Amino acid sequence: MKKSRGRTGRKRRRKHLQSFMDGVNCSHKLEYIKLKKWLKDRGFEDSNLRPAQFWGTGRGLMTTKALPAGDLIISLPEKCLLTTSTVLSSCLGEYIMKWRPPVSPLIALCTFLIAEKHAGEKSLWKPYLDVLPKTYTCPVCLEHDVPLFAENTGTIFNYSALEWAWCTINTRTIYMKHSQRECFSLEPDVYALAPYLDLLNHRPTVQVKAAFNEQTRSYEIWTNSQCKKYEEVFICYGPHDNQRLLLEYGFVAIDNPHSSVYVSSDTLLRYFPPLDKQRNAKLSILKDHGFLENLTFGWDGPSWRLLTALKLLSLGAHEFTCWRRTLLGDVISARNEQQTFNITAKICHFLIEETQHVLLQISQLKRSKENLKKHLALVEALRLEDLKILQKSAEILCNLNMTTA
């Protein structure tokens, strides 16, 4: 039978491609059936969200109805949340309360996760544990005897288990403040694992409201953005740049509006003569006023902080007394403005070349280090985003130069 080349065939192919892009429903899989039943037994009812596999983001949640702005995405009862209260009410609780010095809330949660994972079928949290990732892509993953377990605790609470538990909590918990308990250290107790809700993926441009509702005793997320039927539902983990997203969550967001490329003080000083008698004084002023940190290029070009630092470093000997005006954003002289612009452009092009060189190295490593391919792909994605930002900044600087010429 010949392959259809007509209008019907094209429509069918478009529909198949669109369904693949929208997401493949995974709610029929046994692990999700068990998870939904487990959640239902704890009071969670939801008929609009389905676990699905998406082409761009991997596993996530799909909505089966259109969600207008202001609609409730999910309401997860308190009984479904895994917090330090869960830990203290378990068989581990009495040991954690006696431990000296007191452990942090984070370590208590890590210990509970490891113990529950080891318990296997006996764990009350097994349906949730079964859908948690087996491994993580966070950079951290690159490469007392208590009569509670039948075997040596060293074989259970090992580095690999702690790494998995720590990444689970660091990448999947929601912020939920708890009262301070004496059995824990003074570190903030703000973690809660939220089964099913934690399948929601991040998109930096999405706006949501999220908080624990004291009246309903549920953690609720409300959307401020529209979402079409059968699309993936996104939330925002916060206004994080890509470095933070990679370090904390193990992924990079494409075209992240919060991303920027940082300029180190070493790079800053490459273009200023070390013989400048006022150089040390200028650096001291920048340091005292916090202008040697958070100097960046963004999607809208060089940051005000970067330009201000460069303007101060570009002050001539006869202009140095005007340094306070520089920090306030005043124009000192045409010469100072032009030198600042020229050096900004040079730094931008230097960083472009440096990033391109790093990308070439990553490409070579991907061919020779098969075991590191997944992690290298993440670093490559981060650097590609950096390159796009720097190229955009270079374009902005070029256009500014043309308008002022």
# chains A, B, ... in the order shown; residues from 1 in each chain; ligands from 1
>>> residues_around(residues="Lys228 in chain A", least_positions_apart="2", cutoff="8 Å", atoms="only C-alpha atoms", output="PyMOL selection string")
chain A and resi 63+65-67+226+230-231
>>> closest_atom_pairs(of="range 214-292 of chain A", to="range 338-343 of chain A", cutoff="9 Å", atoms="only C-alpha atoms", output="JSON lines")
{"residue": "A:Leu268", "atom": "CA", "partner": "A:Ile343", "partner_atom": "CA", "distance": 9.0}
{"residue": "A:Tyr271", "atom": "CA", "partner": "A:Ile343", "partner_atom": "CA", "distance": 6.8}
{"residue": "A:Phe272", "atom": "CA", "partner": "A:Ile343", "partner_atom": "CA", "distance": 8.9}
>>> select_by_dssp(residues="range 37-247 of chain A", states="helix (DSSP H, G or I)", output="ChimeraX atom specification")
/A:37-41,78-80,84-88,93-98,105-122,126-129,139-141,153-156,159-172,197-199,242-247
>>> atom_distance(atom1="CA of Asp130 in chain A", atom2="CA of Thr155 in chain A")
20.7 Å
>>> closest_atom_pairs(of="range 330-366 of chain A", to="range 377-390 of chain A", cutoff="9 Å", atoms="only C-alpha atoms", output="CSV")
residue,atom,partner,partner_atom,distance
A:Cys348,CA,A:Leu390,CA,6.3
A:His349,CA,A:Leu390,CA,7.9
A:Leu351,CA,A:Leu390,CA,7.4
A:Ile352,CA,A:Leu387,CA,6.2
A:Thr355,CA,A:Leu387,CA,6.4
A:Gln356,CA,A:Leu387,CA,7.5
A:Val358,CA,A:Arg383,CA,7.9
A:Leu359,CA,A:Glu380,CA,6.4
A:Ile362,CA,A:Glu380,CA,6.6
A:Ser363,CA,A:Glu380,CA,8.1
A:Lys366,CA,A:Ala377,CA,7.9
>>> write_last_selection(atoms="N, CA and C atoms", output="PDB file, in the first residue's frame")
ATOM      1  N   CYS A 348      33.146  41.396  26.051  1.00  0.00           N
ATOM      2  CA  CYS A 348      32.083  40.569  25.477  1.00  0.00           C
ATOM      3  C   CYS A 348      32.640  39.624  24.412  1.00  0.00           C
ATOM      4  N   HIS A 349      33.470  40.145  23.533  1.00  0.00           N
ATOM      5  CA  HIS A 349      34.052  39.306  22.470  1.00  0.00           C
ATOM      6  C   HIS A 349      35.047  38.289  23.036  1.00  0.00           C
ATOM      7  N   LEU A 351      34.759  36.852  25.976  1.00  0.00           N
ATOM      8  CA  LEU A 351      33.930  35.799  26.574  1.00  0.00           C
ATOM      9  C   LEU A 351      33.273  34.921  25.514  1.00  0.00           C
ATOM     10  N   ILE A 352      32.935  35.507  24.361  1.00  0.00           N
ATOM     11  CA  ILE A 352      32.383  34.718  23.251  1.00  0.00           C
ATOM     12  C   ILE A 352      33.410  33.699  22.773  1.00  0.00           C
ATOM     13  N   THR A 355      33.941  30.985  25.405  1.00  0.00           N
ATOM     14  CA  THR A 355      32.808  30.054  25.434  1.00  0.00           C
ATOM     15  C   THR A 355      32.845  29.110  24.236  1.00  0.00           C
ATOM     16  N   GLN A 356      33.172  29.626  23.076  1.00  0.00           N
ATOM     17  CA  GLN A 356      33.279  28.784  21.871  1.00  0.00           C
ATOM     18  C   GLN A 356      34.388  27.745  22.040  1.00  0.00           C
ATOM     19  N   VAL A 358      35.423  26.481  24.936  1.00  0.00           N
ATOM     20  CA  VAL A 358      34.924  25.488  25.900  1.00  0.00           C
ATOM     21  C   VAL A 358      33.950  24.529  25.221  1.00  0.00           C
ATOM     22  N   LEU A 359      33.085  25.051  24.351  1.00  0.00           N
ATOM     23  CA  LEU A 359      32.128  24.197  23.631  1.00  0.00           C
ATOM     24  C   LEU A 359      32.845  23.189  22.733  1.00  0.00           C
ATOM     25  N   ILE A 362      34.122  20.478  25.020  1.00  0.00           N
ATOM     26  CA  ILE A 362      33.016  19.601  25.442  1.00  0.00           C
ATOM     27  C   ILE A 362      32.656  18.635  24.323  1.00  0.00           C
ATOM     28  N   SER A 363      32.622  19.140  23.090  1.00  0.00           N
ATOM     29  CA  SER A 363      32.305  18.300  21.931  1.00  0.00           C
ATOM     30  C   SER A 363      33.311  17.162  21.789  1.00  0.00           C
ATOM     31  N   LYS A 366      32.773  14.590  24.628  1.00  0.00           N
ATOM     32  CA  LYS A 366      31.574  13.754  24.416  1.00  0.00           C
ATOM     33  C   LYS A 366      31.882  12.554  23.530  1.00  0.00           C
TER      34      LYS A 366
END
>>> residues_around(residues="Lys134 in chain A", least_positions_apart="5", cutoff="12 Å", atoms="only C-alpha atoms", output="list in words")
Lys117, Leu129, Cys141, Ser160, Ala161, Glu163, Trp164, Ala165, Cys167 and Thr168 of chain A
>>> write_last_selection(atoms="N, CA, C and O atoms", output="PDB file, in the first residue's frame")
ATOM      1  N   LYS A 117      13.419   3.537  51.546  1.00  0.00           N
ATOM      2  CA  LYS A 117      13.792   2.869  50.295  1.00  0.00           C
ATOM      3  C   LYS A 117      14.329   1.477  50.583  1.00  0.00           C
ATOM      4  O   LYS A 117      14.017   0.512  49.873  1.00  0.00           O
ATOM      5  N   LEU A 129       7.935   6.321  46.420  1.00  0.00           N
ATOM      6  CA  LEU A 129       9.351   6.032  46.180  1.00  0.00           C
ATOM      7  C   LEU A 129       9.560   5.389  44.814  1.00  0.00           C
ATOM      8  O   LEU A 129      10.584   5.621  44.158  1.00  0.00           O
ATOM      9  N   CYS A 141      26.261  14.772  41.685  1.00  0.00           N
ATOM     10  CA  CYS A 141      26.230  13.339  41.349  1.00  0.00           C
ATOM     11  C   CYS A 141      27.333  12.943  40.381  1.00  0.00           C
ATOM     12  O   CYS A 141      27.445  11.785  40.004  1.00  0.00           O
ATOM     13  N   SER A 160      26.408   6.721  48.302  1.00  0.00           N
ATOM     14  CA  SER A 160      25.507   6.665  47.150  1.00  0.00           C
ATOM     15  C   SER A 160      24.053   6.874  47.568  1.00  0.00           C
ATOM     16  O   SER A 160      23.299   7.599  46.909  1.00  0.00           O
ATOM     17  N   ALA A 161      23.668   6.250  48.696  1.00  0.00           N
ATOM     18  CA  ALA A 161      22.302   6.391  49.194  1.00  0.00           C
ATOM     19  C   ALA A 161      22.040   7.827  49.653  1.00  0.00           C
ATOM     20  O   ALA A 161      20.973   8.398  49.385  1.00  0.00           O
ATOM     21  N   GLU A 163      23.600  10.519  48.607  1.00  0.00           N
ATOM     22  CA  GLU A 163      23.584  11.355  47.409  1.00  0.00           C
ATOM     23  C   GLU A 163      22.206  11.338  46.756  1.00  0.00           C
ATOM     24  O   GLU A 163      21.657  12.377  46.382  1.00  0.00           O
ATOM     25  N   TRP A 164      21.619  10.129  46.638  1.00  0.00           N
ATOM     26  CA  TRP A 164      20.280   9.989  46.047  1.00  0.00           C
ATOM     27  C   TRP A 164      19.242  10.722  46.900  1.00  0.00           C
ATOM     28  O   TRP A 164      18.407  11.471  46.381  1.00  0.00           O
ATOM     29  N   ALA A 165      19.290  10.517  48.217  1.00  0.00           N
ATOM     30  CA  ALA A 165      18.307  11.138  49.120  1.00  0.00           C
ATOM     31  C   ALA A 165      18.444  12.657  49.116  1.00  0.00           C
ATOM     32  O   ALA A 165      17.448  13.385  49.058  1.00  0.00           O
ATOM     33  N   CYS A 167      19.680  14.599  46.750  1.00  0.00           N
ATOM     34  CA  CYS A 167      19.210  15.136  45.467  1.00  0.00           C
ATOM     35  C   CYS A 167      17.692  15.087  45.363  1.00  0.00           C
ATOM     36  O   CYS A 167      17.073  15.993  44.795  1.00  0.00           O
ATOM     37  N   THR A 168      17.095  14.036  45.906  1.00  0.00           N
ATOM     38  CA  THR A 168      15.634  13.938  45.909  1.00  0.00           C
ATOM     39  C   THR A 168      15.032  15.132  46.645  1.00  0.00           C
ATOM     40  O   THR A 168      14.105  15.785  46.152  1.00  0.00           O
TER      41      THR A 168
END
>>> residues_around(residues="range 294-299 of chain A", least_positions_apart="6", cutoff="7 Å", atoms="only C-alpha atoms", output="list of chain:residue names")
A:Ser259, A:Ser260, A:Val261, A:Tyr262, A:Val263, A:Arg305, A:Leu306, A:Ile389, A:Leu390, A:Lys392, A:Ser393
>>> write_last_selection(atoms="N, CA and C atoms", output="PDB file, in the first residue's frame")
ATOM      1  N   SER A 259      18.556  34.393  33.014  1.00  0.00           N
ATOM      2  CA  SER A 259      19.962  34.000  32.880  1.00  0.00           C
ATOM      3  C   SER A 259      20.850  35.171  32.486  1.00  0.00           C
ATOM      4  N   SER A 260      22.098  35.059  32.883  1.00  0.00           N
ATOM      5  CA  SER A 260      23.103  36.062  32.525  1.00  0.00           C
ATOM      6  C   SER A 260      24.477  35.400  32.569  1.00  0.00           C
ATOM      7  N   VAL A 261      25.451  36.073  31.998  1.00  0.00           N
ATOM      8  CA  VAL A 261      26.830  35.571  31.996  1.00  0.00           C
ATOM      9  C   VAL A 261      27.647  36.461  32.928  1.00  0.00           C
ATOM     10  N   TYR A 262      28.306  35.838  33.889  1.00  0.00           N
ATOM     11  CA  TYR A 262      29.043  36.590  34.908  1.00  0.00           C
ATOM     12  C   TYR A 262      30.453  36.929  34.428  1.00  0.00           C
ATOM     13  N   VAL A 263      30.880  38.117  34.798  1.00  0.00           N
ATOM     14  CA  VAL A 263      32.226  38.595  34.450  1.00  0.00           C
ATOM     15  C   VAL A 263      33.063  38.595  35.728  1.00  0.00           C
ATOM     16  N   ARG A 305      25.591  47.455  36.640  1.00  0.00           N
ATOM     17  CA  ARG A 305      26.698  47.244  37.589  1.00  0.00           C
ATOM     18  C   ARG A 305      28.019  47.067  36.846  1.00  0.00           C
ATOM     19  N   LEU A 306      27.991  46.291  35.760  1.00  0.00           N
ATOM     20  CA  LEU A 306      29.213  46.068  34.977  1.00  0.00           C
ATOM     21  C   LEU A 306      29.688  47.376  34.360  1.00  0.00           C
ATOM     22  N   ILE A 389      23.427  34.552  24.892  1.00  0.00           N
ATOM     23  CA  ILE A 389      23.330  35.807  25.647  1.00  0.00           C
ATOM     24  C   ILE A 389      24.455  36.765  25.243  1.00  0.00           C
ATOM     25  N   LEU A 390      25.686  36.234  25.148  1.00  0.00           N
ATOM     26  CA  LEU A 390      26.840  37.063  24.783  1.00  0.00           C
ATOM     27  C   LEU A 390      26.712  37.594  23.353  1.00  0.00           C
ATOM     28  N   LYS A 392      23.925  38.134  21.779  1.00  0.00           N
ATOM     29  CA  LYS A 392      22.879  39.162  21.823  1.00  0.00           C
ATOM     30  C   LYS A 392      23.439  40.469  22.380  1.00  0.00           C
ATOM     31  N   SER A 393      24.260  40.379  23.420  1.00  0.00           N
ATOM     32  CA  SER A 393      24.892  41.560  24.005  1.00  0.00           C
ATOM     33  C   SER A 393      25.821  42.239  23.007  1.00  0.00           C
TER      34      SER A 393
END
>>> atom_distance(atom1="CA of Glu232 in chain A", atom2="CA of Asn201 in chain A")
8.5 Å
>>> residues_around(residues="range 103-105 of chain A", least_positions_apart="5", cutoff="8 Å", atoms="only C-alpha atoms", output="ChimeraX atom specification")
/A:84,96,183-189,191
>>> atom_distance(atom1="CA of Glu214 in chain A", atom2="CA of His178 in chain A")
12.8 Å
>>> select_by_dssp(residues="range 102-201 of chain A", states="strand (DSSP E or B)", output="PyMOL selection string")
chain A and resi 103+173-175+184+191-193+201
>>> residues_around(residues="Glu248 in chain A", least_positions_apart="4", cutoff="12 Å", atoms="only C-alpha atoms", output="JSON, numbers by chain")
{"A": [136, 137, 138, 139, 140, 141, 166, 167, 168, 169, 170, 171, 172, 173, 237, 238, 240, 241, 242, 243, 244, 252]}
>>> write_last_selection(atoms="N, CA and C atoms", output="CSV table (one decimal), in the first residue's frame")
chain,number,residue,atom,x,y,z
A,136,TYR,N,20.2,11.2,39.4
A,136,TYR,CA,20.0,12.6,39.2
A,136,TYR,C,21.1,13.2,38.4
A,137,THR,N,20.8,14.3,37.7
A,137,THR,CA,21.9,15.0,36.9
A,137,THR,C,22.5,16.2,37.6
A,138,CYS,N,22.2,16.3,38.9
A,138,CYS,CA,22.8,17.5,39.6
A,138,CYS,C,24.4,17.3,39.6
A,139,PRO,N,25.1,18.4,39.6
A,139,PRO,CA,26.6,18.3,39.6
A,139,PRO,C,27.1,17.5,40.7
A,140,VAL,N,26.4,17.5,41.9
A,140,VAL,CA,26.9,16.7,43.0
A,140,VAL,C,27.0,15.2,42.7
A,141,CYS,N,26.3,14.8,41.7
A,141,CYS,CA,26.2,13.3,41.3
A,141,CYS,C,27.3,12.9,40.4
A,166,TRP,N,19.7,13.1,49.2
A,166,TRP,CA,19.9,14.6,49.2
A,166,TRP,C,19.4,15.2,47.9
A,167,CYS,N,19.7,14.6,46.8
A,167,CYS,CA,19.2,15.1,45.5
A,167,CYS,C,17.7,15.1,45.4
A,168,THR,N,17.1,14.0,45.9
A,168,THR,CA,15.6,13.9,45.9
A,168,THR,C,15.0,15.1,46.6
A,169,ILE,N,15.6,15.4,47.8
A,169,ILE,CA,15.0,16.5,48.6
A,169,ILE,C,15.4,17.9,48.0
A,170,ASN,N,16.6,18.0,47.5
A,170,ASN,CA,17.0,19.3,47.0
A,170,ASN,C,16.3,19.7,45.7
A,171,THR,N,15.9,18.7,44.9
A,171,THR,CA,15.3,19.0,43.6
A,171,THR,C,13.8,18.9,43.6
A,172,ARG,N,13.2,18.3,44.6
A,172,ARG,CA,11.8,18.0,44.5
A,172,ARG,C,10.9,18.6,45.7
A,173,THR,N,11.5,19.1,46.7
A,173,THR,CA,10.7,19.6,47.8
A,173,THR,C,10.1,21.0,47.5
A,237,TYR,N,9.8,27.5,39.6
A,237,TYR,CA,10.6,27.2,40.8
A,237,TYR,C,11.2,28.5,41.4
A,238,GLY,N,11.1,29.6,40.7
A,238,GLY,CA,11.7,30.8,41.2
A,238,GLY,C,12.4,31.5,40.0
A,240,HIS,N,15.3,31.9,38.8
A,240,HIS,CA,16.7,31.4,38.9
A,240,HIS,C,17.3,31.5,37.5
A,241,ASP,N,18.6,31.8,37.5
A,241,ASP,CA,19.4,31.7,36.3
A,241,ASP,C,19.8,30.3,36.0
A,242,ASN,N,20.3,30.0,34.8
A,242,ASN,CA,20.6,28.6,34.5
A,242,ASN,C,21.7,28.0,35.3
A,243,GLN,N,22.6,28.8,35.8
A,243,GLN,CA,23.7,28.2,36.7
A,243,GLN,C,23.0,27.6,38.0
A,244,ARG,N,22.1,28.4,38.5
A,244,ARG,CA,21.4,28.0,39.7
A,244,ARG,C,20.5,26.7,39.4
A,252,VAL,N,18.8,22.7,32.5
A,252,VAL,CA,19.0,24.1,32.0
A,252,VAL,C,17.7,24.5,31.3
>>> closest_residue(among="A:Thr267, A:Thr64, A:Asn48, A:Thr135", to="Glu354 in chain A", atoms="only C-alpha atoms")
A:Thr267
>>> residues_around(residues="range 75-77 of chain A", least_positions_apart="2", cutoff="12 Å", atoms="only C-alpha atoms", output="PyMOL selection string")
chain A and resi 36+39-49+71-73+79-82+174+192-198+209-222
>>> decode(residues="range 198-217 of chain A", atoms="C-alpha atoms", output="PDB file, in the first residue's frame")
ATOM      1  CA  ASP A 198       6.510  17.186  42.211  1.00  0.00           C
ATOM      2  CA  LEU A 199       5.938  15.932  38.655  1.00  0.00           C
ATOM      3  CA  LEU A 200       5.215  19.540  37.627  1.00  0.00           C
ATOM      4  CA  ASN A 201       8.117  20.932  35.599  1.00  0.00           C
ATOM      5  CA  HIS A 202       9.660  24.419  35.598  1.00  0.00           C
ATOM      6  CA  ARG A 203       9.201  27.145  33.041  1.00  0.00           C
ATOM      7  CA  PRO A 204      10.745  30.543  33.901  1.00  0.00           C
ATOM      8  CA  THR A 205       8.016  32.583  32.170  1.00  0.00           C
ATOM      9  CA  VAL A 206       5.101  30.949  34.006  1.00  0.00           C
ATOM     10  CA  GLN A 207       3.491  32.694  36.980  1.00  0.00           C
ATOM     11  CA  VAL A 208       1.846  30.784  39.826  1.00  0.00           C
ATOM     12  CA  LYS A 209       0.762  31.288  43.434  1.00  0.00           C
ATOM     13  CA  ALA A 210       1.736  28.476  45.778  1.00  0.00           C
ATOM     14  CA  ALA A 211       1.233  28.088  49.524  1.00  0.00           C
ATOM     15  CA  PHE A 212      -0.127  25.839  52.252  1.00  0.00           C
ATOM     16  CA  ASN A 213      -3.803  26.622  52.851  1.00  0.00           C
ATOM     17  CA  GLU A 214      -4.475  26.528  56.605  1.00  0.00           C
ATOM     18  CA  GLN A 215      -8.257  26.259  56.068  1.00  0.00           C
ATOM     19  CA  THR A 216      -8.192  23.250  53.726  1.00  0.00           C
ATOM     20  CA  ARG A 217      -4.961  21.846  55.261  1.00  0.00           C
TER      21      ARG A 217
END
